[in-house]
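Colleague: Dropping the structure in here first, questions after.
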Amino acid sequence: MKFFIDTANLDQIAEAQQLGVLDGVTTNPSLMAKEGITGKENILKHYVDICNIVEGDVSAEVVATEFDGMVKEGEELAKLHEQIVVKVPMIKDGVKALKYFSDNGIRTNCTLVFSAGQALLAAKAGATYVSPFLGRLDDISTDGLNLIAEIRQIYDNYAFETQILAASIRHTMHVIDCAKLGSDVMTGPLSSITGLLKHPLTDIGLEKFLADYRKGNS
Ligand code: E4P
């Protein structure tokens with residue numbers, strides 16, 4: 001399973017990259033705003049800055065909501081850097097744009113997916129990635145993990161190449177459950193990656209190994 005980090009914070013992206021297990025980055029307009037990145041030139045420059053830190057795919061979201069605007073924006077984003085993947089919302093014009101980008105060799109991430117039907121449409125339109133938002137489904141007492149399982153089954157039934165990018169990951173158990181279900185990618189905060197490191201028996205065991213070593217080597 002690929003690990004993406006879901007942030008526009010350059011320090012956190014660099015920290016995840018230095019860990020050596022990062023495969024890419026997802027951003028969205030809210031995450032960009034959180035970092036205070038505003039204005040077209042600054043936004044485009046920030047995407048390039050992110051690409052220069054990581055080796056993998058970087059999702060950059062269009063803000064247009066009609067077909068022509070999405071195509072114009074997406075083509076501009078894709079030209080910025082070869083690592084850019086154009087993020088397109090799951091709306092009617094978004095599906096048309098996914099098909100256009102797919103036909104023109106531009107990689108895409110279909111975002112704001114909350115149902116198996118939406119995921120099926122995204123795959124039919126040739127999306128590179130589909131992003132089911134499991135944390136936001138959990139927030140409204142709906143089983144987000146069940147959606148991942150449904151999409152996995154549908155994509156496997158028809159050998160769709162669209163990769164399932166489990167998004168809106170909130171914690172380490174989401175990561176583990178998505179891995180069990182065969183999600184291709186997960187995107188979450190830095191804590192959902194570094195949290196996987198932690199086990200008290202590891203800390204206790206290491207402390208004992210080092211104490212025993214010091215006894216015989218001091
Ligand atoms: C996906 O690409 C989105 O940026 C993201 O995962 C949304 O997560 P949130 O529900 O924590 O905002």
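If you're wondering about the labels, chains in the structure tokens are A, B, ... by order shown, residues count from 1 in each chain, ligands from 1 in order shown.
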Listing only residues of chain A within 6 Å of ligand 1, what is the closest atom pair and its distance in Å (to one decimal) for each, using only C-alpha atoms and all ligand atoms, sorted by chain and residue number ascending, as CSV?
Modeller:
residue,atom,partner,partner_atom_place_in_ligand_line,distance
A:Asp6,CA,ligand 1,4 (O),5.7
A:Thr26,CA,ligand 1,2 (O),5.1
A:Thr27,CA,ligand 1,4 (O),5.2
A:Asn28,CA,ligand 1,4 (O),5.0
A:Gly135,CA,ligand 1,10 (O),5.7
A:Arg136,CA,ligand 1,10 (O),5.2
A:Ala167,CA,ligand 1,6 (O),3.9
A:Ser168,CA,ligand 1,8 (O),3.4
A:Thr187,CA,ligand 1,6 (O),6.0
Colleague: Keeping only N, CA and C atoms, write those residues as a JSON list (two decimals), in the first residue's frame.
Modeller:
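Listed below is the output, part.json:
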[["chain", "number", "residue", "atom", "x", "y", "z"],
["A", 6, "ASP", "N", -1.49, 13.84, 3.80],
["A", 6, "ASP", "CA", -2.59, 14.74, 3.43],
["A", 6, "ASP", "C", -2.37, 16.09, 4.09],
["A", 26, "THR", "N", -1.29, 14.49, -0.87],
["A", 26, "THR", "CA", -2.56, 15.03, -1.35],
["A", 26, "THR", "C", -2.78, 16.38, -0.66],
["A", 27, "THR", "N", -3.33, 17.31, -1.42],
["A", 27, "THR", "CA", -3.69, 18.61, -0.86],
["A", 27, "THR", "C", -5.14, 18.87, -1.24],
["A", 28, "ASN", "N", -5.71, 19.87, -0.65],
["A", 28, "ASN", "CA", -7.03, 20.36, -1.08],
["A", 28, "ASN", "C", -7.08, 21.84, -0.75],
["A", 135, "GLY", "N", -13.11, 8.90, 6.77],
["A", 135, "GLY", "CA", -13.28, 9.59, 8.06],
["A", 135, "GLY", "C", -14.56, 10.42, 8.10],
["A", 136, "ARG", "N", -14.86, 11.08, 6.98],
["A", 136, "ARG", "CA", -16.07, 11.93, 6.97],
["A", 136, "ARG", "C", -17.33, 11.08, 7.01],
["A", 167, "ALA", "N", -9.04, 8.12, 1.64],
["A", 167, "ALA", "CA", -8.79, 9.49, 2.07],
["A", 167, "ALA", "C", -9.56, 9.78, 3.36],
["A", 168, "SER", "N", -9.27, 10.96, 3.92],
["A", 168, "SER", "CA", -9.91, 11.35, 5.17],
["A", 168, "SER", "C", -9.60, 10.31, 6.25],
["A", 187, "THR", "N", -4.21, 8.16, 2.38],
["A", 187, "THR", "CA", -3.68, 9.49, 2.65],
["A", 187, "THR", "C", -4.21, 9.98, 3.98]]
Colleague: Skipping near chain neighbours, those fewer than 4 positions away, what residues fall within 8 Å of Val88 (chain A) using only C-alpha atoms, listed as a list in words?
Modeller: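 Near Val88 (chain A), the qualifying residues are Glu61, Val62, Met70, Gly94, Ala97, Leu98, Thr108, Asn109, Cys110 and Thr111 of chain A.
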Colleague: Find the spatial neighbours of region 159-162 of chain A, counting only C-alpha atoms, within a cut-off of 6 Å - ignore same-chain residues fewer than 5 positions away - and output them as a ChimeraX atom specification.
Modeller: /A:123,127-129
Colleague: Write out, as a PDB file, in the first residue's frame, the residues just selected, with C-alpha atoms.
Modeller:
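Contents of result.pdb, freshly written:
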ATOM      1  CA  ALA A 123     -13.327   4.329 -12.805  1.00  0.00           C
ATOM      2  CA  ALA A 127      -9.600   8.288 -13.095  1.00  0.00           C
ATOM      3  CA  THR A 128      -6.085   7.331 -11.989  1.00  0.00           C
ATOM      4  CA  TYR A 129      -7.106   7.467  -8.325  1.00  0.00           C
TER       5      TYR A 129
END
Colleague: Please provide as a list in words all residues within 9 Å of Ile151 (chain A), with the sequence filter that same-chain residues fewer than 5 positions apart are discarded (counting only C-alpha atoms).
Modeller: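 Residues near the query, excluding close chain neighbours: Ser115, Ala116, Gly117, Ala119, Leu120, Pro132, Asn146, Asp156 and Ile164 of chain A.
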Colleague: If you run DSSP on this backbone, which residues of region 53-209 of chain A come out as strand (DSSP E or B), and could you give them as JSON, numbers by chain?
Modeller: {"A": [57, 58, 59, 60, 61, 84, 85, 86, 87, 88, 89, 108, 109, 110, 111, 112, 113, 129, 130, 131, 132, 133, 163, 164, 165, 166, 167, 185, 186, 187, 188]}
Colleague: Dump N, CA and C atoms for the selected residues as a PDB file, in the first residue's frame?
Modeller:
ATOM      1  N   ASP A  57       3.598  11.116  -6.386  1.00  0.00           N
ATOM      2  CA  ASP A  57       2.509  11.928  -6.929  1.00  0.00           C
ATOM      3  C   ASP A  57       2.025  12.994  -5.943  1.00  0.00           C
ATOM      4  N   VAL A  58       1.688  14.144  -6.496  1.00  0.00           N
ATOM      5  CA  VAL A  58       1.192  15.269  -5.685  1.00  0.00           C
ATOM      6  C   VAL A  58      -0.162  15.703  -6.260  1.00  0.00           C
ATOM      7  N   SER A  59      -1.214  15.513  -5.484  1.00  0.00           N
ATOM      8  CA  SER A  59      -2.549  15.896  -5.958  1.00  0.00           C
ATOM      9  C   SER A  59      -2.794  17.381  -5.760  1.00  0.00           C
ATOM     10  N   ALA A  60      -3.180  18.054  -6.840  1.00  0.00           N
ATOM     11  CA  ALA A  60      -3.487  19.485  -6.810  1.00  0.00           C
ATOM     12  C   ALA A  60      -4.917  19.650  -7.322  1.00  0.00           C
ATOM     13  N   GLU A  61      -5.760  20.295  -6.513  1.00  0.00           N
ATOM     14  CA  GLU A  61      -7.204  20.301  -6.812  1.00  0.00           C
ATOM     15  C   GLU A  61      -7.642  21.507  -7.634  1.00  0.00           C
ATOM     16  N   ILE A  84       2.550  16.075 -10.750  1.00  0.00           N
ATOM     17  CA  ILE A  84       1.206  16.573 -10.414  1.00  0.00           C
ATOM     18  C   ILE A  84       0.116  15.648 -10.953  1.00  0.00           C
ATOM     19  N   VAL A  85      -0.847  15.368 -10.057  1.00  0.00           N
ATOM     20  CA  VAL A  85      -2.064  14.631 -10.404  1.00  0.00           C
ATOM     21  C   VAL A  85      -3.210  15.620 -10.191  1.00  0.00           C
ATOM     22  N   VAL A  86      -4.085  15.776 -11.183  1.00  0.00           N
ATOM     23  CA  VAL A  86      -5.147  16.777 -11.086  1.00  0.00           C
ATOM     24  C   VAL A  86      -6.332  16.201 -10.307  1.00  0.00           C
ATOM     25  N   LYS A  87      -6.669  16.904  -9.238  1.00  0.00           N
ATOM     26  CA  LYS A  87      -7.753  16.433  -8.365  1.00  0.00           C
ATOM     27  C   LYS A  87      -9.067  17.078  -8.810  1.00  0.00           C
ATOM     28  N   VAL A  88     -10.053  16.240  -9.072  1.00  0.00           N
ATOM     29  CA  VAL A  88     -11.316  16.688  -9.669  1.00  0.00           C
ATOM     30  C   VAL A  88     -12.476  16.208  -8.795  1.00  0.00           C
ATOM     31  N   PRO A  89     -13.431  17.096  -8.460  1.00  0.00           N
ATOM     32  CA  PRO A  89     -14.544  16.658  -7.610  1.00  0.00           C
ATOM     33  C   PRO A  89     -15.540  15.762  -8.348  1.00  0.00           C
ATOM     34  N   THR A 108      -5.331  11.766 -12.882  1.00  0.00           N
ATOM     35  CA  THR A 108      -6.351  12.421 -12.057  1.00  0.00           C
ATOM     36  C   THR A 108      -6.603  11.680 -10.742  1.00  0.00           C
ATOM     37  N   ASN A 109      -7.150  12.448  -9.796  1.00  0.00           N
ATOM     38  CA  ASN A 109      -7.608  11.913  -8.517  1.00  0.00           C
ATOM     39  C   ASN A 109      -9.035  12.421  -8.342  1.00  0.00           C
ATOM     40  N   CYS A 110     -10.004  11.510  -8.382  1.00  0.00           N
ATOM     41  CA  CYS A 110     -11.404  11.927  -8.215  1.00  0.00           C
ATOM     42  C   CYS A 110     -11.705  12.021  -6.732  1.00  0.00           C
ATOM     43  N   THR A 111     -12.020  13.241  -6.293  1.00  0.00           N
ATOM     44  CA  THR A 111     -12.170  13.500  -4.856  1.00  0.00           C
ATOM     45  C   THR A 111     -13.636  13.640  -4.453  1.00  0.00           C
ATOM     46  N   LEU A 112     -13.856  13.639  -3.132  1.00  0.00           N
ATOM     47  CA  LEU A 112     -15.200  13.765  -2.553  1.00  0.00           C
ATOM     48  C   LEU A 112     -16.108  12.617  -2.984  1.00  0.00           C
ATOM     49  N   VAL A 113     -15.581  11.398  -2.863  1.00  0.00           N
ATOM     50  CA  VAL A 113     -16.336  10.193  -3.206  1.00  0.00           C
ATOM     51  C   VAL A 113     -16.871   9.557  -1.921  1.00  0.00           C
ATOM     52  N   TYR A 129      -6.808   7.776  -9.730  1.00  0.00           N
ATOM     53  CA  TYR A 129      -7.106   7.467  -8.325  1.00  0.00           C
ATOM     54  C   TYR A 129      -8.563   7.834  -8.042  1.00  0.00           C
ATOM     55  N   VAL A 130      -9.169   7.106  -7.107  1.00  0.00           N
ATOM     56  CA  VAL A 130     -10.474   7.506  -6.580  1.00  0.00           C
ATOM     57  C   VAL A 130     -10.302   7.675  -5.069  1.00  0.00           C
ATOM     58  N   SER A 131     -10.841   8.786  -4.550  1.00  0.00           N
ATOM     59  CA  SER A 131     -10.660   9.088  -3.121  1.00  0.00           C
ATOM     60  C   SER A 131     -11.953   8.978  -2.330  1.00  0.00           C
ATOM     61  N   PRO A 132     -12.256   7.798  -1.783  1.00  0.00           N
ATOM     62  CA  PRO A 132     -13.371   7.698  -0.835  1.00  0.00           C
ATOM     63  C   PRO A 132     -12.940   8.285   0.503  1.00  0.00           C
ATOM     64  N   PHE A 133     -13.805   9.155   1.063  1.00  0.00           N
ATOM     65  CA  PHE A 133     -13.482   9.887   2.301  1.00  0.00           C
ATOM     66  C   PHE A 133     -14.011   9.105   3.501  1.00  0.00           C
ATOM     67  N   GLN A 163      -6.858   3.360  -9.001  1.00  0.00           N
ATOM     68  CA  GLN A 163      -6.356   2.966  -7.687  1.00  0.00           C
ATOM     69  C   GLN A 163      -7.225   3.558  -6.574  1.00  0.00           C
ATOM     70  N   ILE A 164      -7.527   2.739  -5.591  1.00  0.00           N
ATOM     71  CA  ILE A 164      -8.326   3.200  -4.447  1.00  0.00           C
ATOM     72  C   ILE A 164      -7.407   3.939  -3.480  1.00  0.00           C
ATOM     73  N   LEU A 165      -7.694   5.229  -3.310  1.00  0.00           N
ATOM     74  CA  LEU A 165      -6.894   6.094  -2.434  1.00  0.00           C
ATOM     75  C   LEU A 165      -7.756   6.417  -1.211  1.00  0.00           C
ATOM     76  N   ALA A 166      -7.618   5.632  -0.169  1.00  0.00           N
ATOM     77  CA  ALA A 166      -8.436   5.854   1.033  1.00  0.00           C
ATOM     78  C   ALA A 166      -8.075   7.207   1.628  1.00  0.00           C
ATOM     79  N   ALA A 167      -9.045   8.117   1.636  1.00  0.00           N
ATOM     80  CA  ALA A 167      -8.786   9.492   2.072  1.00  0.00           C
ATOM     81  C   ALA A 167      -9.560   9.778   3.355  1.00  0.00           C
ATOM     82  N   VAL A 185      -3.803   2.816  -1.799  1.00  0.00           N
ATOM     83  CA  VAL A 185      -3.122   3.979  -1.232  1.00  0.00           C
ATOM     84  C   VAL A 185      -3.909   4.440  -0.016  1.00  0.00           C
ATOM     85  N   MET A 186      -3.229   5.067   0.938  1.00  0.00           N
ATOM     86  CA  MET A 186      -3.959   5.780   1.988  1.00  0.00           C
ATOM     87  C   MET A 186      -3.367   7.178   2.076  1.00  0.00           C
ATOM     88  N   THR A 187      -4.209   8.156   2.385  1.00  0.00           N
ATOM     89  CA  THR A 187      -3.676   9.486   2.651  1.00  0.00           C
ATOM     90  C   THR A 187      -4.205   9.977   3.983  1.00  0.00           C
ATOM     91  N   GLY A 188      -3.291  10.434   4.834  1.00  0.00           N
ATOM     92  CA  GLY A 188      -3.696  10.888   6.155  1.00  0.00           C
ATOM     93  C   GLY A 188      -2.669  11.855   6.711  1.00  0.00           C
TER      94      GLY A 188
END
Colleague: Just the number, please: distance in Å from CA of Val175 (chain A) to CA of Asp11 (chain A), one decimal.
Modeller: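 It comes out at 21.8 Å.
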Colleague: So which residues touch Leu10 (chain A) within 9 Å, counting only C-alpha atoms, skipping near sequence neighbours fewer than 3 positions away, as a count of residues only?
Modeller: 8
Colleague: Skipping near chain neighbours, those fewer than 5 positions away, what residues fall within 12 Å of Thr172 (chain A) using only C-alpha atoms, listed as number ranges by chain?
Modeller: A: 3, 135, 177-179, 186-198
Colleague: Could you pull out the residues in region 59-187 of chain A that DSSP calls helix (DSSP H, G or I) from the backbone, as a VMD selection string?
Modeller: chain A and resid 67 to 80 92 to 103 116 to 124 134 to 139 144 to 158 172 to 181
Colleague: Find the spatial neighbours of Lys99 (chain A), counting only C-alpha atoms, within a cut-off of 8 Å - ignore same-chain residues fewer than 2 positions away - and output them as a PyMOL selection string.
Modeller: chain A and resi 95-97+101-103+125-127
Colleague: For the selection you just gave me, I'd like the residues written to a file as a PDB file, in the first residue's frame, keeping C-alpha atoms.
Modeller:
ATOM      1  CA  VAL A  95     -16.827  13.109 -14.558  1.00  0.00           C
ATOM      2  CA  LYS A  96     -16.624  14.693 -18.023  1.00  0.00           C
ATOM      3  CA  ALA A  97     -13.324  16.315 -17.069  1.00  0.00           C
ATOM      4  CA  PHE A 101      -7.955  14.205 -18.846  1.00  0.00           C
ATOM      5  CA  SER A 102      -7.760  10.423 -19.181  1.00  0.00           C
ATOM      6  CA  ASP A 103      -8.042  10.677 -22.983  1.00  0.00           C
ATOM      7  CA  ALA A 125     -14.267   7.849 -16.679  1.00  0.00           C
ATOM      8  CA  GLY A 126     -10.652   6.689 -16.393  1.00  0.00           C
ATOM      9  CA  ALA A 127      -9.600   8.288 -13.095  1.00  0.00           C
TER      10      ALA A 127
END
Colleague: Quick check, in Å to one decimal: how far apart do CA of Ile169 (chain A) and CA of Ala33 (chain A) lie?
Modeller: 19.5 Å
Colleague: Can you tell me how far CA of Val48 (chain A) sits from CA of Leu22 (chain A), in Å to one decimal?
Modeller: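 For CA of Val48 (chain A) relative to CA of Leu22 (chain A), the distance reads 17.1 Å.
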